[in-house]
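Below is one structure, written out as structure tokens; comments come after it.
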Amino acid sequence: MSIEVKNINKRFGNFVALENVNVSIPTGQLTALLGPSGGGKTTLLRIIAGLDTADEGSVEIEGVDATKLPVQKRNVGFVFQHYAAFKHMSVAKNVAFGLEIRKQPKEEIRRRVDELLELVHLSQFANRLPAQLSGGQRQRMALARALAVEPTVLLLDEPFGALDAKVRKELREWLRRLHDEVHVTTVFVTHDQEEALEVSDEIVVINEGRVEQVGSPDALYDEPANDFVMSFLGPTTVLDGKLYRPHDIEVFTHPGIEGSLPARIVRELRVGFEVRLTVELLDAAHEEIVVTVTRAHQRSMGLREGIDVWLSPTHAAAAVPVGGLN
Amino acid sequence: MTTPVQEGRPVATRPALLNHNLTASSGIGLGISMLWFSLLVLIPLAAVIATAAAGGWDEFWRTITNEQTSSAIKLTLKAAALVTLVNIVIGTAIAWVLVRDKFWGKGLLELIIDIPFALPTIVAGLVLLSLYGVNSPLGIEVANTGDSVFLAFLFVTLPFIVRMVQPVLEELDEDVEEAAASLGASRVTIFRRIILPSLAPAIAAGAALSFARAVGEYGSLVLLSGNLPFKSEVASVRILSAIENDNRAGAASIATLLLVISLLVIIVLDVVQRRVARRG
């Protein structure tokens, strides 16, 4: 394990930012710290980096106890949400900074900077100032700067949070490919579940200062540990006292399937290829639930407002009881 | 606002000078600014230089090389330069403390910083006289010495660099310093290579103001210094006595010299500032 976080507690005044957090982050993997804003994930990342100190607990990086080490000695690369560019230095100078601090020979620095700028596709911008770059380019520069010192671990704090949706998507795919090339142990903080599911090898879900679940994207999606994880990773709906994904509920136009529940379609909303059907159960409580089907499916079955249907969860659908841990 | 492109006439070939970009309102704005600036600054400055030049080069040279005058000018420049250097260090430090540290009485200190600025200079002079004059309650007597000039300059120029540097320091992203630290930079390196280049323009501007203010200072030092020729007499006092002796050309000559030196200092500071800001 590359990073071992043990029994971390951190308070800001009366606010408990982290409570007994234990996390093991595997070497060479891309790990996401995922959770809602204010949940403590950035604080955890900053404690790993040494930018904040924990009230209690320890941090171990590659077998070395780093709890008391200052950030300068931890050999971590840190990338900030708002780039933290050195505004008065050229792109090349920004990237060279860590190497100059380490007093490497000039020739070696130049070679390494060229290599890194090549890696992040910024070679032709070497002599520009950060202000002359777009947000996405600035963040790639920040990444090259962090990678220059060959960090043991690379830590990214909402790295794409300040970028617009399209650039964010491009950069996230690019980060995944970059990681496959560089293989440095990487931890990134995000509140975007799609980003975490798409990019990472492993996800740590953090909420209200506690770790809710750790696992691969598939494991988290298919076997959420509790209703929080389930609802944070995607849309959910309640059927028969359990949380389900709206696409995990099958709709039939005739009864006869064992355990299926009678209902009536009260609204339909089409969003691109999918159709969200709001369905009212024909029981005493008249609960409304949401079911998603594809456009093609809706057409072939003739699903429309006002008709009666029967609902049943699909085989092996992910489900957790509402409001409780299991 | 650009003039509309006419058919068959490529924009690129049009001379840049004709391509003025002023709207009516910004034209009026520029006109008013220039008029105001001319009336208040350029014309009086030109008048001073013209008066100095009226007597010819020899007259000018004779005035400023007069032993008593040149001694006063030297004292003024030396004290102003020294005070500016001190302010660069102390002013930046005070700004730093005000922005970065939290302590009891910070609000009060914020207020006090501006006092040398807000105080009528003659009142400042009186304060200095009662504190550092004969029978000083502090045991520091500098009355009638060159040191009194230095002290008075220090007092009145204190706020300049503090007030220039403070807002810039407040705007600095702490992210940037943390990024430098994560790359292995020590506190000293971070200050020298990351913070200082950002502060350099503000420090230079404050230093220029502080130097110029010191060179022309009169009210705050006139009581304490005693205006002793060759000892504690400054250039502004020499200008006043030239006027009193009905020697306008002489007064204008000294004024012109001070003007030129101040301009030179501002230019030098700007060059230094650009170097530091670019170095990183």
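By order in the structure tokens, chains are A, B, ...; within a chain, residues start at 1; ligands start at 1, following the order shown.
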
- Query: DSSP says alpha helix (DSSP H) for which residues of segment 74-294 of chain A? Put them as a PyMOL selection string?
  - Reply: chain A and resi 91-101+106-119+135-148+165-182+193-199+217-222+227-232

- Task: Find the residues in chain B near chain A: any atom within 10 Å counts, using only C-alpha atoms. Write them as a list in words.
- Result: Asp173, Glu174, Asp175, Val176, Glu177, Glu178, Ala179, Ala180, Ala181, Ser182, Leu183, Gly184, Ala185, Ser186, Arg187, Thr189, Arg193, Ile194, Ile195, Pro197, Ser198, Val276, Ala277, Arg278, Arg279 and Gly280 of chain B

- Message: Could you go through segment 37-206 of chain A and tell me which residues DSSP, when run on the backbone, assigns to strand (DSSP E), listing them as a list in words?
- Response: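 Those residues are Glu56, Gly57, Ser58, Val59, Glu60, Ile61, Val64, Asp65, Val76, Gly77, Phe78, Val79, Val153, Leu154, Leu155, Leu156, Asp157, Thr185, Thr186, Val187, Phe188, Val189, Thr190, Glu202, Ile203, Val204, Val205 and Ile206 of chain A.
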
For the selection just defined, write its residues with N, CA and C atoms to a file, as a compact mmCIF listing (two decimals), in the first residue's frame.
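Everything below was put into part.txt:
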# COMPACT_ATOMS: atom_id res chain seq x y z
N GLU A 56 -5.26 14.12 15.28
CA GLU A 56 -4.81 12.80 15.73
C GLU A 56 -4.62 11.91 14.50
N GLY A 57 -3.86 10.84 14.69
CA GLY A 57 -3.71 9.86 13.63
C GLY A 57 -2.40 10.01 12.88
N SER A 58 -2.17 9.08 11.94
CA SER A 58 -0.89 9.08 11.24
C SER A 58 -1.07 8.89 9.74
N VAL A 59 -0.08 9.37 9.01
CA VAL A 59 -0.05 9.22 7.56
C VAL A 59 1.27 8.56 7.20
N GLU A 60 1.18 7.48 6.44
CA GLU A 60 2.38 6.78 6.01
C GLU A 60 2.41 6.82 4.48
N ILE A 61 3.56 7.24 3.92
CA ILE A 61 3.68 7.25 2.46
C ILE A 61 4.81 6.32 2.06
N VAL A 64 6.99 5.05 4.83
CA VAL A 64 7.66 6.03 5.69
C VAL A 64 6.60 6.81 6.47
N ASP A 65 6.78 6.91 7.77
CA ASP A 65 5.84 7.69 8.57
C ASP A 65 6.02 9.17 8.26
N VAL A 76 5.51 14.94 -2.50
CA VAL A 76 4.21 14.75 -3.14
C VAL A 76 4.04 15.83 -4.21
N GLY A 77 3.34 15.47 -5.27
CA GLY A 77 2.98 16.49 -6.25
C GLY A 77 1.55 16.91 -5.95
N PHE A 78 1.30 18.22 -5.89
CA PHE A 78 -0.05 18.66 -5.55
C PHE A 78 -0.58 19.56 -6.66
N VAL A 79 -1.80 19.28 -7.11
CA VAL A 79 -2.42 20.12 -8.14
C VAL A 79 -3.69 20.72 -7.56
N VAL A 153 3.73 10.34 -4.69
CA VAL A 153 2.29 10.32 -4.96
C VAL A 153 1.88 11.65 -5.57
N LEU A 154 0.89 11.58 -6.43
CA LEU A 154 0.36 12.77 -7.07
C LEU A 154 -1.03 13.02 -6.49
N LEU A 155 -1.23 14.22 -5.94
CA LEU A 155 -2.51 14.54 -5.29
C LEU A 155 -3.19 15.67 -6.06
N LEU A 156 -4.44 15.46 -6.44
CA LEU A 156 -5.14 16.47 -7.22
C LEU A 156 -6.43 16.87 -6.50
N ASP A 157 -6.57 18.16 -6.23
CA ASP A 157 -7.73 18.65 -5.50
C ASP A 157 -8.74 19.24 -6.48
N THR A 185 1.31 6.75 -8.33
CA THR A 185 0.15 6.64 -7.44
C THR A 185 -0.56 7.98 -7.38
N THR A 186 -1.84 7.99 -7.75
CA THR A 186 -2.54 9.26 -7.88
C THR A 186 -3.83 9.25 -7.05
N VAL A 187 -4.06 10.33 -6.33
CA VAL A 187 -5.30 10.47 -5.57
C VAL A 187 -5.95 11.76 -6.01
N PHE A 188 -7.20 11.71 -6.43
CA PHE A 188 -7.86 12.97 -6.77
C PHE A 188 -9.21 13.12 -6.10
N VAL A 189 -9.47 14.37 -5.75
CA VAL A 189 -10.70 14.69 -5.04
C VAL A 189 -11.73 15.14 -6.06
N THR A 190 -12.94 14.65 -5.94
CA THR A 190 -14.00 15.12 -6.83
C THR A 190 -15.36 14.98 -6.13
N GLU A 202 -10.10 3.00 -8.16
CA GLU A 202 -10.68 2.74 -6.85
C GLU A 202 -11.33 4.04 -6.36
N ILE A 203 -12.45 3.89 -5.66
CA ILE A 203 -13.14 5.08 -5.16
C ILE A 203 -13.30 4.96 -3.65
N VAL A 204 -12.99 6.07 -2.95
CA VAL A 204 -13.25 6.15 -1.52
C VAL A 204 -14.37 7.17 -1.37
N VAL A 205 -15.53 6.71 -0.89
CA VAL A 205 -16.65 7.63 -0.71
C VAL A 205 -16.59 8.23 0.68
N ILE A 206 -16.51 9.54 0.76
CA ILE A 206 -16.40 10.23 2.05
C ILE A 206 -17.59 11.16 2.23

- Task: Extract, using only C-alpha atoms, all DNA, RNA and protein residues at most 8 Å from segment 265-269 of chain B, discarding same-chain residues fewer than 2 positions from it, and format them as a PyMOL selection string.
- Result: chain B and resi 204-205+207-208+261-263+271-273

- Selected residue of minimal separation from Ile8 of chain A among A:Gly161, A:Pro224, A:Gly40, A:Pro217, counting only C-alpha atoms: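 The shortest atom-to-atom distance to Ile8 of chain A comes from A:Gly40.
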